[in-house]
Each structure stands twice: as C-alpha cells, then as structure tokens.
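Right, one structure below, let's go through it.
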Amino acid sequence: MHPRDGAWWDSLRIGIGPPLLKTEHGWLLVYHGVKEMVGGAIYRVGLALLDLDEPTRVLHRTASWVLSPQEPYERQGDVSNAIFPCGLVHDVRSGELRLYYGAADTSICLATAALDDVLATVLAAPADG
C-alpha cells in the first residue's frame, strides 16, 4: 500500500500499526495515515483487508478514517493531532476488538469495537479504495 494521491486523509504518508489479524475474509490491517494541513500534520487510523494467500494484494481499503484525534489528550502533546495504532487484541468469546493507540506521544489509549462491525466497514469499502 502507498499513500493516496490528492487530498486524501492518508496522502502524505502511511504506516503499519499492530500485527495483522487473520479473519475469514482476509488479513485485517490497521494503519495510520497522515495528511498535511495548514496547522500541521494530522494522524488518523484507517483499515484495509489484505488477501490471505498474497498479503501484498489489497482487497479493500476504507476511504475514510475510522479514528481521528478529537479529545484534548489526542490533540495536544509532544506531537499534536496524532493518534497511531500500536496493539490489537481480539476477544474471541465476545467478538470485541481492542485497539491500543498512542495519542499525541503523551498517552496510551484504548478504543473498542465489535469485529463484525469492523469487518462490515472494511468489506463495504472499494478495492484499494
């Protein structure tokens, strides 16, 4: 995957987050994308689904971010307006995903979602969207 050309939220650079999560639909990739804004760079989190047999092949990529800095501890710090995914835990019993992420290089945070909801979001995205 590469940064997207144009005014995309992940147009400046992208970086891989936690290790990929194997699902029946493909490898779930959580990554950060950066866009240069007038006030400086902003780091957001997006999703992609990679082929199980050929993980260099992107099956789906969300057009929009799924997590963006909004809280004061995400917007102000050593690196302002920066959140970046670090760890991902899937609780098989509950179906919950726990995403541990850094915020403004000063905090470690936790976001949760149902794996089924996350997969529905990324599967609805166009190929390499």
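Ordered as shown in the structure tokens, chains take letters A, B, and onward, while each chain numbers its residues from 1 and ligands are numbered from 1 in the order shown.
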Per-residue nearest contacts range 11-62 of chain A to range 78-98 of chain A, cut-off 8 Å, using only C-alpha atoms, as a Markdown table:
```
| residue | atom | partner | partner_atom | distance |
| --- | --- | --- | --- | --- |
| A:Gly17 | CA | A:Pro85 | CA | 4.9 |
| A:Pro18 | CA | A:Gly87 | CA | 4.8 |
| A:Pro19 | CA | A:Leu88 | CA | 7.4 |
| A:Val30 | CA | A:Pro85 | CA | 6.9 |
| A:Tyr31 | CA | A:Pro85 | CA | 6.5 |
| A:His32 | CA | A:Phe84 | CA | 5.6 |
| A:Ala41 | CA | A:Asn81 | CA | 7.2 |
| A:Ile42 | CA | A:Asn81 | CA | 5.1 |
| A:Tyr43 | CA | A:Ala82 | CA | 4.5 |
| A:Arg44 | CA | A:Ile83 | CA | 5.9 |
| A:Val45 | CA | A:Phe84 | CA | 6.5 |
```
Would you output that residue set with N, CA, C and O atoms, as an mmCIF file, in the first residue's frame?
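For reference, again_9.cif as written:
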```
data_model
loop_
_atom_site.group_PDB
_atom_site.id
_atom_site.type_symbol
_atom_site.label_atom_id
_atom_site.label_comp_id
_atom_site.auth_asym_id
_atom_site.auth_seq_id
_atom_site.Cartn_x
_atom_site.Cartn_y
_atom_site.Cartn_z
ATOM 1 N N GLY A 17 0.289 -0.501 11.592
ATOM 2 C CA GLY A 17 0.014 -0.488 13.020
ATOM 3 C C GLY A 17 0.395 -1.816 13.643
ATOM 4 O O GLY A 17 1.484 -2.342 13.387
ATOM 5 N N PRO A 18 -0.514 -2.391 14.417
ATOM 6 C CA PRO A 18 -0.222 -3.654 15.092
ATOM 7 C C PRO A 18 -0.151 -4.803 14.089
ATOM 8 O O PRO A 18 -0.522 -4.646 12.918
ATOM 9 N N PRO A 19 0.319 -5.968 14.539
ATOM 10 C CA PRO A 19 0.329 -7.134 13.649
ATOM 11 C C PRO A 19 -1.063 -7.380 13.059
ATOM 12 O O PRO A 19 -2.086 -7.102 13.690
ATOM 13 N N VAL A 30 -4.670 -2.573 10.338
ATOM 14 C CA VAL A 30 -4.965 -1.287 10.961
ATOM 15 C C VAL A 30 -3.716 -0.432 10.758
ATOM 16 O O VAL A 30 -2.617 -0.845 11.116
ATOM 17 N N TYR A 31 -3.882 0.733 10.158
ATOM 18 C CA TYR A 31 -2.717 1.569 9.843
ATOM 19 C C TYR A 31 -3.007 3.034 10.161
ATOM 20 O O TYR A 31 -4.151 3.418 10.378
ATOM 21 N N HIS A 32 -1.942 3.831 10.205
ATOM 22 C CA HIS A 32 -2.147 5.265 10.361
ATOM 23 C C HIS A 32 -1.826 5.956 9.042
ATOM 24 O O HIS A 32 -0.999 5.489 8.264
ATOM 25 N N ALA A 41 0.538 18.604 10.513
ATOM 26 C CA ALA A 41 0.120 17.250 10.133
ATOM 27 C C ALA A 41 -0.953 16.733 11.092
ATOM 28 O O ALA A 41 -0.981 17.086 12.269
ATOM 29 N N ILE A 42 -1.827 15.880 10.557
ATOM 30 C CA ILE A 42 -2.815 15.189 11.376
ATOM 31 C C ILE A 42 -2.730 13.692 11.063
ATOM 32 O O ILE A 42 -2.679 13.294 9.908
ATOM 33 N N TYR A 43 -2.638 12.896 12.129
ATOM 34 C CA TYR A 43 -2.517 11.442 12.031
ATOM 35 C C TYR A 43 -3.863 10.818 12.367
ATOM 36 O O TYR A 43 -4.423 11.102 13.426
ATOM 37 N N ARG A 44 -4.343 9.936 11.485
ATOM 38 C CA ARG A 44 -5.611 9.244 11.702
ATOM 39 C C ARG A 44 -5.419 7.753 11.469
ATOM 40 O O ARG A 44 -4.403 7.331 10.933
ATOM 41 N N VAL A 45 -6.436 6.956 11.823
ATOM 42 C CA VAL A 45 -6.354 5.498 11.713
ATOM 43 C C VAL A 45 -7.354 5.012 10.667
ATOM 44 O O VAL A 45 -8.512 5.436 10.653
#
```
As a ChimeraX atom specification, please: every residue in chain A that a backbone DSSP assignment puts in alpha helix (DSSP H). /A:72-75,115-123
Separating CA of Glu74 in chain A from CA of Pro126 in chain A, to the nearest tenth of an Å, is a gap of 29.1 Å
Running DSSP on the backbone, which parts of chain A land in strand (DSSP E or B), as a ChimeraX atom specification? /A:13-16,21-23,26-37,40-50,58-61,67,82-91,96-103,107-114
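Nearest residue to Gly102 in chain A, choosing from A:Arg57, A:Leu119, A:Ala127, A:Leu67 and counting only C-alpha atoms: A:Leu67.
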Correct to one decimal, the distance CA of Leu123 in chain A-CA of Ala111 in chain A is 20.2 Å
Residues at most 8 Å from His60 in chain A, counting only C-alpha atoms, excluding those fewer than 6 positions away in the same chain, as a PyMOL selection string?
chain A and resi 48-50+122-129
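Atom to atom, CA of Asp116 in chain A and CA of Tyr101 in chain A stand 20.3 Å apart.
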Need the shell around Leu52 in chain A: protein/DNA/RNA residues with any atom at most 8 Å away, counting only C-alpha atoms. Skip same-chain ones fewer than 2 positions apart. Format as a ChimeraX atom specification? /A:22,25-27,50,54-55
